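Okay, query.pdb now, which holds PDB, C-alpha atoms and all ligand atoms:
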```
ATOM      1  CA  MET X   1       0.000   0.000   0.000
ATOM      2  CA  ARG X   2       2.679   2.354   1.073
ATOM      3  CA  SER X   3       5.013   1.576  -1.803
ATOM      4  CA  ASN X   4       2.067   1.775  -4.184
ATOM      5  CA  LYS X   5       1.286   5.267  -2.945
ATOM      6  CA  SER X   6       4.863   6.446  -3.173
ATOM      7  CA  SER X   7       5.298   5.006  -6.655
ATOM      8  CA  ARG X   8       2.128   6.836  -7.689
ATOM      9  CA  THR X   9       3.558  10.046  -6.221
ATOM     10  CA  GLY X  10       6.722   9.356  -8.170
ATOM     11  CA  LEU X  11       4.675   8.962 -11.339
ATOM     12  CA  TYR X  12       2.887  12.264 -10.724
ATOM     13  CA  LEU X  13       6.201  14.019 -10.148
ATOM     14  CA  LEU X  14       7.564  12.537 -13.353
ATOM     15  CA  LEU X  15       4.467  13.665 -15.274
ATOM     16  CA  ALA X  16       4.720  17.163 -13.778
ATOM     17  CA  ALA X  17       8.394  17.345 -14.731
ATOM     18  CA  LEU X  18       7.552  16.221 -18.265
ATOM     19  CA  LEU X  19       4.793  18.824 -18.581
ATOM     20  CA  ILE X  20       7.097  21.583 -17.343
ATOM     21  CA  GLY X  21       9.772  20.422 -19.778
ATOM     22  CA  VAL X  22       7.358  20.431 -22.704
ATOM     23  CA  GLY X  23       6.079  23.851 -21.622
ATOM     24  CA  LEU X  24       9.605  25.273 -21.527
ATOM     25  CA  LEU X  25      10.387  23.838 -24.952
ATOM     26  CA  LEU X  26       7.202  25.302 -26.431
ATOM     27  CA  THR X  27       7.919  28.699 -24.853
ATOM     28  CA  ALA X  28      11.471  28.690 -26.176
ATOM     29  CA  PHE X  29      10.199  27.764 -29.624
ATOM     30  CA  ALA X  30       7.536  30.491 -29.564
ATOM     31  CA  LEU X  31      10.078  33.138 -28.526
ATOM     32  CA  ARG X  32      12.795  32.005 -30.919
ATOM     33  CA  PRO X  33      11.691  34.010 -34.009
ATOM     34  CA  SER X  34      11.112  37.283 -32.138
ATOM     35  CA  LEU X  35      14.434  37.006 -30.301
ATOM     36  CA  ALA X  36      16.186  36.329 -33.598
ATOM     37  CA  ILE X  37      14.542  39.423 -35.095
ATOM     38  CA  GLY X  38      15.598  41.436 -32.067
ATOM     39  CA  VAL X  39      19.270  40.524 -32.445
ATOM     40  CA  ASP X  40      19.119  41.343 -36.147
ATOM     41  CA  ARG X  41      17.492  44.735 -35.464
ATOM     42  CA  LEU X  42      19.935  45.604 -32.689
ATOM     43  CA  ALA X  43      22.932  44.842 -34.910
ATOM     44  CA  ARG X  44      21.535  47.151 -37.606
ATOM     45  CA  LEU X  45      20.791  49.855 -35.062
ATOM     46  CA  ARG X  46      24.403  49.751 -33.843
ATOM     47  CA  ALA X  47      25.595  50.018 -37.452
ATOM     48  CA  TRP X  48      23.279  52.991 -37.989
ATOM     49  CA  PHE X  49      24.493  54.885 -34.934
ATOM     50  CA  ALA X  50      28.127  54.121 -35.819
ATOM     51  CA  ASN X  51      27.791  55.644 -39.287
ATOM     52  CA  PRO X  52      24.388  56.780 -40.617
ATOM     53  CA  ALA X  53      25.889  57.975 -43.923
ATOM     54  CA  ALA X  54      27.208  54.478 -44.676
ATOM     55  CA  ASN X  55      23.643  53.152 -44.579
ATOM     56  CA  SER X  56      21.928  55.797 -46.665
ATOM     57  CA  GLU X  57      19.545  53.276 -48.263
ATOM     58  CA  TRP X  58      17.931  52.901 -44.842
ATOM     59  CA  THR X  59      17.440  56.663 -44.446
ATOM     60  CA  VAL X  60      13.941  58.095 -44.529
ATOM     61  CA  LEU X  61      13.377  61.840 -44.910
ATOM     62  CA  GLY X  62      10.852  63.938 -43.001
ATOM     63  CA  GLY X  63       8.251  65.566 -45.265
ATOM     64  CA  LYS X  64       8.600  62.908 -47.954
ATOM     65  CA  ARG X  65       5.715  60.962 -49.446
ATOM     66  CA  CYS X  66       7.181  57.502 -50.020
ATOM     67  CA  THR X  67       4.757  56.508 -52.764
ATOM     68  CA  PRO X  68       2.531  58.807 -54.854
ATOM     69  CA  ASP X  69      -0.646  57.405 -53.271
ATOM     70  CA  ALA X  70       0.585  57.352 -49.632
ATOM     71  CA  PRO X  71      -1.731  59.678 -47.688
ATOM     72  CA  MET X  72       0.766  60.684 -44.987
ATOM     73  CA  LEU X  73       4.149  62.420 -45.008
ATOM     74  CA  MET X  74       7.144  60.808 -43.307
ATOM     75  CA  PRO X  75       7.166  62.540 -39.900
ATOM     76  CA  THR X  76      10.955  62.799 -39.393
ATOM     77  CA  ASP X  77      14.441  61.951 -40.706
ATOM     78  CA  GLY X  78      16.268  58.778 -39.745
ATOM     79  CA  TYR X  79      16.264  55.003 -39.776
ATOM     80  CA  ILE X  80      13.148  52.983 -38.934
ATOM     81  CA  GLY X  81      14.982  50.712 -36.494
ATOM     82  CA  PHE X  82      11.914  49.078 -35.002
ATOM     83  CA  GLY X  83       8.628  48.431 -36.741
ATOM     84  CA  ARG X  84       5.134  47.567 -35.624
ATOM     85  CA  GLY X  85       5.012  44.081 -34.132
ATOM     86  CA  ASP X  86       8.707  43.926 -33.219
ATOM     87  CA  SER X  87       9.262  42.468 -29.766
ATOM     88  CA  PHE X  88      11.645  44.015 -27.230
ATOM     89  CA  ARG X  89      10.883  41.438 -24.525
ATOM     90  CA  PRO X  90       8.747  38.290 -24.244
ATOM     91  CA  GLY X  91       5.068  39.072 -24.554
ATOM     92  CA  HIS X  92       5.650  42.605 -25.851
ATOM     93  CA  ARG X  93       4.772  43.806 -29.354
ATOM     94  CA  HIS X  94       5.753  47.296 -30.479
ATOM     95  CA  SER X  95       2.845  49.454 -31.610
ATOM     96  CA  GLY X  96       4.491  51.788 -34.130
ATOM     97  CA  TYR X  97       7.708  52.920 -35.817
ATOM     98  CA  ASP X  98      10.861  54.006 -33.982
ATOM     99  CA  ILE X  99      12.714  56.378 -36.318
ATOM    100  CA  PHE X 100      16.280  57.019 -35.101
ATOM    101  CA  THR X 101      18.002  60.325 -35.891
ATOM    102  CA  PRO X 102      21.025  60.484 -38.205
ATOM    103  CA  ASP X 103      22.308  63.527 -36.234
ATOM    104  CA  GLY X 104      23.587  61.874 -33.063
ATOM    105  CA  ALA X 105      22.183  64.755 -30.993
ATOM    106  CA  VAL X 106      18.895  65.648 -29.338
ATOM    107  CA  ASN X 107      16.737  68.636 -30.277
ATOM    108  CA  THR X 108      18.070  68.890 -33.847
ATOM    109  CA  THR X 109      15.965  66.529 -35.987
ATOM    110  CA  PRO X 110      12.563  68.069 -36.811
ATOM    111  CA  VAL X 111       9.325  66.158 -36.278
ATOM    112  CA  ILE X 112       6.380  67.217 -38.443
ATOM    113  CA  ALA X 113       2.659  66.474 -38.666
ATOM    114  CA  ALA X 114       2.146  63.549 -41.036
ATOM    115  CA  TYR X 115      -1.316  64.715 -42.100
ATOM    116  CA  ASP X 116      -3.808  67.590 -41.596
ATOM    117  CA  GLY X 117      -5.559  67.258 -38.244
ATOM    118  CA  TYR X 118      -6.298  68.593 -34.768
ATOM    119  CA  LEU X 119      -3.475  68.514 -32.241
ATOM    120  CA  THR X 120      -3.801  67.714 -28.529
ATOM    121  CA  ARG X 121      -1.062  67.819 -25.890
ATOM    122  CA  GLU X 122      -2.389  66.731 -22.517
ATOM    123  CA  GLY X 123      -1.482  68.794 -19.444
ATOM    124  CA  ASP X 124       1.102  66.294 -18.179
ATOM    125  CA  TRP X 125       2.716  65.403 -21.527
ATOM    126  CA  ARG X 126       6.411  66.392 -21.685
ATOM    127  CA  SER X 127       7.375  64.675 -24.914
ATOM    128  CA  SER X 128       4.200  63.711 -26.774
ATOM    129  CA  VAL X 129       1.501  65.134 -29.006
ATOM    130  CA  ILE X 130      -1.397  63.374 -30.704
ATOM    131  CA  ILE X 131      -3.292  64.527 -33.793
ATOM    132  CA  ARG X 132      -6.912  63.661 -34.592
ATOM    133  CA  HIS X 133      -7.772  62.915 -38.199
ATOM    134  CA  PRO X 134     -11.572  62.787 -38.612
ATOM    135  CA  ASP X 135     -13.201  61.070 -41.593
ATOM    136  CA  PHE X 136      -9.912  59.583 -42.815
ATOM    137  CA  GLN X 137     -10.779  58.113 -46.215
ATOM    138  CA  PRO X 138      -7.550  56.484 -47.460
ATOM    139  CA  VAL X 139      -6.659  53.060 -46.012
ATOM    140  CA  VAL X 140      -9.464  52.988 -43.400
ATOM    141  CA  GLY X 141     -12.391  54.307 -45.466
ATOM    142  CA  GLY X 142     -13.753  57.189 -43.402
ATOM    143  CA  GLU X 143     -12.890  56.252 -39.810
ATOM    144  CA  GLN X 144     -11.474  58.770 -37.374
ATOM    145  CA  ILE X 145      -7.849  57.931 -36.561
ATOM    146  CA  TRP X 146      -5.024  59.619 -34.642
ATOM    147  CA  THR X 147      -1.269  59.921 -35.185
ATOM    148  CA  TYR X 148       0.939  59.906 -32.086
ATOM    149  CA  TYR X 149       4.450  61.372 -31.781
ATOM    150  CA  THR X 150       6.609  60.871 -28.677
ATOM    151  CA  HIS X 151      10.111  61.013 -27.078
ATOM    152  CA  MET X 152      10.454  64.760 -27.833
ATOM    153  CA  ALA X 153      12.253  65.617 -24.547
ATOM    154  CA  SER X 154      15.692  65.377 -22.931
ATOM    155  CA  ALA X 155      16.884  62.133 -21.304
ATOM    156  CA  ASP X 156      16.099  63.436 -17.807
ATOM    157  CA  GLY X 157      12.705  64.760 -18.916
ATOM    158  CA  ALA X 158      13.566  68.288 -17.780
ATOM    159  CA  GLN X 159      13.543  69.899 -21.228
ATOM    160  CA  SER X 160      10.701  69.444 -23.676
ATOM    161  CA  PHE X 161      11.550  69.690 -27.369
ATOM    162  CA  ILE X 162       7.937  70.248 -28.436
ATOM    163  CA  ALA X 163       7.362  73.437 -30.459
ATOM    164  CA  SER X 164       6.423  76.377 -28.208
ATOM    165  CA  GLN X 165       3.060  76.953 -29.913
ATOM    166  CA  PHE X 166       1.839  73.641 -28.469
ATOM    167  CA  PRO X 167       2.102  74.077 -24.675
ATOM    168  CA  PRO X 168       0.710  71.451 -22.268
ATOM    169  CA  GLY X 169      -3.074  71.658 -22.308
ATOM    170  CA  THR X 170      -3.350  72.376 -26.048
ATOM    171  CA  HIS X 171      -6.608  70.826 -27.208
ATOM    172  CA  ASP X 172      -7.804  70.032 -30.737
ATOM    173  CA  LEU X 173      -5.814  72.793 -32.472
ATOM    174  CA  PHE X 174      -5.806  72.548 -36.282
ATOM    175  CA  VAL X 175      -2.386  71.834 -37.832
ATOM    176  CA  PRO X 176      -1.752  71.278 -41.543
ATOM    177  CA  ALA X 177       0.418  68.376 -42.729
ATOM    178  CA  GLY X 178       4.083  69.351 -42.481
ATOM    179  CA  THR X 179       3.667  71.591 -39.387
ATOM    180  CA  LEU X 180       6.766  71.497 -37.145
ATOM    181  CA  LEU X 181       5.759  69.701 -33.934
ATOM    182  CA  GLY X 182       9.152  69.599 -32.219
ATOM    183  CA  TYR X 183      12.461  67.727 -32.318
ATOM    184  CA  GLN X 184      13.592  64.174 -31.590
ATOM    185  CA  GLY X 185      14.765  63.453 -28.049
ATOM    186  CA  ASN X 186      15.446  60.466 -25.804
ATOM    187  CA  TRP X 187      13.037  60.776 -22.895
ATOM    188  CA  SER X 188      11.728  57.293 -22.080
ATOM    189  CA  GLY X 189       9.236  58.238 -19.409
ATOM    190  CA  THR X 190      11.744  57.339 -16.691
ATOM    191  CA  ALA X 191      14.502  59.772 -15.699
ATOM    192  CA  GLY X 192      18.031  58.531 -16.406
ATOM    193  CA  ASN X 193      16.832  55.732 -18.680
ATOM    194  CA  PRO X 194      17.276  57.221 -22.163
ATOM    195  CA  THR X 195      15.863  55.323 -25.105
ATOM    196  CA  GLY X 196      18.299  56.359 -27.846
ATOM    197  CA  ILE X 197      17.370  59.470 -29.813
ATOM    198  CA  HIS X 198      14.318  58.745 -31.910
ATOM    199  CA  LEU X 199      10.715  59.495 -32.696
ATOM    200  CA  HIS X 200       8.096  56.899 -31.821
ATOM    201  CA  PHE X 201       5.257  57.282 -34.338
ATOM    202  CA  SER X 202       2.029  55.314 -34.322
ATOM    203  CA  VAL X 203      -1.382  55.360 -36.016
ATOM    204  CA  VAL X 204      -3.970  55.031 -33.267
ATOM    205  CA  LYS X 205      -7.597  53.910 -33.309
ATOM    206  CA  SER X 206     -10.424  56.021 -31.891
ATOM    207  CA  THR X 207     -12.570  55.012 -28.949
ATOM    208  CA  PRO X 208     -16.318  54.699 -29.655
ATOM    209  CA  SER X 209     -16.788  58.150 -28.082
ATOM    210  CA  GLY X 210     -14.181  59.768 -30.360
ATOM    211  CA  GLY X 211     -11.161  59.815 -28.038
ATOM    212  CA  TYR X 212      -7.881  58.021 -28.644
ATOM    213  CA  GLU X 213      -7.202  54.460 -27.553
ATOM    214  CA  ASN X 214      -4.114  53.519 -25.472
ATOM    215  CA  GLU X 215      -1.462  53.171 -28.157
ATOM    216  CA  THR X 216       0.909  51.037 -26.049
ATOM    217  CA  ASP X 217      -1.397  48.104 -26.882
ATOM    218  CA  ILE X 218      -0.677  47.057 -30.470
ATOM    219  CA  ASP X 219      -4.336  46.079 -30.973
ATOM    220  CA  ASN X 220      -5.262  49.754 -30.594
ATOM    221  CA  THR X 221      -3.083  50.763 -33.549
ATOM    222  CA  TYR X 222      -2.835  50.322 -37.298
ATOM    223  CA  ASP X 223       0.286  49.343 -39.220
ATOM    224  CA  PRO X 224       1.805  52.696 -40.313
ATOM    225  CA  ALA X 225       3.132  51.134 -43.565
ATOM    226  CA  PRO X 226       0.142  51.790 -45.867
ATOM    227  CA  PHE X 227      -0.359  55.284 -44.427
ATOM    228  CA  LEU X 228       3.276  56.277 -45.090
ATOM    229  CA  GLY X 229       3.901  54.106 -48.155
ATOM    230  CA  VAL X 230       6.721  52.305 -46.356
ATOM    231  CA  THR X 231       7.877  48.910 -47.654
ATOM    232  CA  ARG X 232      10.412  46.275 -46.570
ATOM    233  CA  ASN X 233      13.524  45.651 -48.645
ATOM    234  CA  ALA X 234      14.940  42.153 -49.224
ATOM    235  CA  ALA X 235      16.854  42.316 -45.929
ATOM    236  CA  GLY X 236      13.677  43.216 -44.044
ATOM    237  CA  VAL X 237      14.551  46.884 -43.448
ATOM    238  CA  LEU X 238      11.616  49.319 -43.527
ATOM    239  CA  ILE X 239      12.376  51.802 -46.274
ATOM    240  CA  CYS X 240      10.821  54.821 -48.005
ATOM    241  CA  GLU X 241      11.446  54.364 -51.688
ATOM    242  CA  GLY X 242      11.310  57.113 -54.274
ATOM    243  CA  GLY X 243       8.311  59.364 -53.946
ATOM    244  CA  SER X 244       8.391  63.128 -53.983
ATOM    245  CA  ASP X 245       8.831  65.872 -51.431
ATOM    246  CA  GLN X 246       5.343  66.916 -50.307
TER     247      GLN X 246
HETATM  248 ZN    ZN J 301       8.641  52.944 -30.073
END
```

Write the structure described by the file as structure tokens, please.
Ligand SMILES: [Zn+2]
Amino acid sequence: MRSNKSSRTGLYLLLAALLIGVGLLLTAFALRPSLAIGVDRLARLRAWFANPAANSEWTVLGGKRCTPDAPMLMPTDGYIGFGRGDSFRPGHRHSGYDIFTPDGAVNTTPVIAAYDGYLTREGDWRSSVIIRHPDFQPVVGGEQIWTYYTHMASADGAQSFIASQFPPGTHDLFVPAGTLLGYQGNWSGTAGNPTGIHLHFSVVKSTPSGGYENETDIDNTYDPAPFLGVTRNAAGVLICEGGSDQ
């Protein structure tokens, strides 16, 4: 009786160990592609920061329309180092584009409005603005959408690089496409934890009542690619091919 019980316990332990093992294997397998992408992206980002001019085919230019039928203008200069869906850590999926400056300095690379709309900067926003685009016909067929621009502040958060005509508390102010919104910075939201100088840009869905959804959740955003006319080259880099200025 006793040995029967202990052998059954042993069997349960073995089964539990097997299940945990299988679980770990499945988790490792599920994470493998995103981790591989991450390493790839990080290597390219290091190459970009080391010498932007040597990687000019990766460079996107603010104010450019990447394809003739792209509705939005590229919002800044740089390299689109991280795209929508990229994973920085297990379980995380990035909601927009991170466009890294070619300048190597904060407060020098302009950020512009990608499309006509109505700008809001909430009272406690140091580095972000969001623009409402009602009745947006291209790509989404008449929905209201928003474009979000962030990281426009110094690494310690003390200095905002947002243009002075958009102070905290600005609400629904009309701005035409191409309006200067501010300059790229590296404020991450946490003092002393800089992100690398870039613009985070995302296309955000509206709430049923007409507000903006939380853009940190990828499901609340659209892929910026069809809005900007961005494509991937053979190596998987997000690029802005051809097109015209404005
Ligand atoms: Zn980002």

Extract, using all atoms listed in the file, all DNA, RNA and protein residues at most 8 Å from stretch 58-62 of chain X, discarding same-chain residues fewer than 5 positions from it, and format them as an mmCIF file with C-alpha atoms, in the coordinates of the input.
```cif
data_model
loop_
_atom_site.group_PDB
_atom_site.id
_atom_site.type_symbol
_atom_site.label_atom_id
_atom_site.label_comp_id
_atom_site.auth_asym_id
_atom_site.auth_seq_id
_atom_site.Cartn_x
_atom_site.Cartn_y
_atom_site.Cartn_z
ATOM 1 C CA PRO X 52 24.388 56.780 -40.617
ATOM 2 C CA LEU X 73 4.149 62.420 -45.008
ATOM 3 C CA MET X 74 7.144 60.808 -43.307
ATOM 4 C CA PRO X 75 7.166 62.540 -39.900
ATOM 5 C CA THR X 76 10.955 62.799 -39.393
ATOM 6 C CA ASP X 77 14.441 61.951 -40.706
ATOM 7 C CA GLY X 78 16.268 58.778 -39.745
ATOM 8 C CA TYR X 79 16.264 55.003 -39.776
ATOM 9 C CA ILE X 80 13.148 52.983 -38.934
ATOM 10 C CA PRO X 110 12.563 68.069 -36.811
ATOM 11 C CA VAL X 111 9.325 66.158 -36.278
ATOM 12 C CA ILE X 112 6.380 67.217 -38.443
ATOM 13 C CA VAL X 237 14.551 46.884 -43.448
ATOM 14 C CA LEU X 238 11.616 49.319 -43.527
ATOM 15 C CA ILE X 239 12.376 51.802 -46.274
ATOM 16 C CA CYS X 240 10.821 54.821 -48.005
#
```

> When the PyMOL selection byres (((chain X and resi 68) around 12) and not hetatm) is applied to the file above, which residues end up in the set, as a ChimeraX atom specification?
Replying inline: /X:64-67,69-73,226-230,240-246

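Using all atoms listed in the file, the set of residues no farther than 9 Å from the position (-0.5, 68.8, -40.9) comprises X:Leu73, X:Ile112, X:Ala113, X:Ala114, X:Tyr115, X:Asp116, X:Gly117, X:Tyr118, X:Ile131, X:Phe174, X:Val175, X:Pro176, X:Ala177, X:Gly178, X:Thr179, X:Leu180.
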
For chain X against ligand ZN 301 (chain J), with a cut-off of 6 Å and counting all atoms listed in the file, what is the closest atom pair and its distance in Å to one decimal for every residue that makes the cut, ordered by chain and number, as a Markdown table?
```
| residue | atom | partner | partner_atom | distance |
| --- | --- | --- | --- | --- |
| X:Gly96 | CA | J:ZN301 | ZN | 5.9 |
| X:Tyr97 | CA | J:ZN301 | ZN | 5.8 |
| X:Asp98 | CA | J:ZN301 | ZN | 4.6 |
| X:His200 | CA | J:ZN301 | ZN | 4.4 |
```

> What residues come out when you apply the PyMOL selection byres (((chain X and resi 143-157) around 8) and not hetatm) to this file, written as a ChimeraX atom specification?
Replying inline: /X:106-107,114,126-137,140-142,158-162,182-195,197-206,210,212

> Can you find the residues with an atom no farther than 12 Å from (24.9, 56.2, -43.0), counting only C-alpha atoms, and report them as a ChimeraX atom specification?
Replying inline: /X:44-60,78-79,100-104

> So how far away is atom CA of X:Gly83 from atom CA of X:Thr120, in Å?
Replying inline: 24.4 Å

> With all atoms listed in the file as the basis for distance, which of X:Arg41, X:Asp219, X:Gly211, X:Arg93 is at the shortest distance from X:Gly236?
Replying inline: X:Arg41

>> To one decimal place in Å, what is the distance between atom CA of X:Val139 and atom CA of X:Ala225?
In response: 10.3 Å

So that I can look at just that part, could you write stretch 115-136 of chain X with C-alpha atoms, as an mmCIF file, in the first residue's frame?
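Generated output (selection_7.cif):
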```cif
data_model
loop_
_atom_site.group_PDB
_atom_site.id
_atom_site.type_symbol
_atom_site.label_atom_id
_atom_site.label_comp_id
_atom_site.auth_asym_id
_atom_site.auth_seq_id
_atom_site.Cartn_x
_atom_site.Cartn_y
_atom_site.Cartn_z
ATOM 1 C CA TYR X 115 -1.316 64.715 -42.100
ATOM 2 C CA ASP X 116 -3.808 67.590 -41.596
ATOM 3 C CA GLY X 117 -5.559 67.258 -38.244
ATOM 4 C CA TYR X 118 -6.298 68.593 -34.768
ATOM 5 C CA LEU X 119 -3.475 68.514 -32.241
ATOM 6 C CA THR X 120 -3.801 67.714 -28.529
ATOM 7 C CA ARG X 121 -1.062 67.819 -25.890
ATOM 8 C CA GLU X 122 -2.389 66.731 -22.517
ATOM 9 C CA GLY X 123 -1.482 68.794 -19.444
ATOM 10 C CA ASP X 124 1.102 66.294 -18.179
ATOM 11 C CA TRP X 125 2.716 65.403 -21.527
ATOM 12 C CA ARG X 126 6.411 66.392 -21.685
ATOM 13 C CA SER X 127 7.375 64.675 -24.914
ATOM 14 C CA SER X 128 4.200 63.711 -26.774
ATOM 15 C CA VAL X 129 1.501 65.134 -29.006
ATOM 16 C CA ILE X 130 -1.397 63.374 -30.704
ATOM 17 C CA ILE X 131 -3.292 64.527 -33.793
ATOM 18 C CA ARG X 132 -6.912 63.661 -34.592
ATOM 19 C CA HIS X 133 -7.772 62.915 -38.199
ATOM 20 C CA PRO X 134 -11.572 62.787 -38.612
ATOM 21 C CA ASP X 135 -13.201 61.070 -41.593
ATOM 22 C CA PHE X 136 -9.912 59.583 -42.815
#
```
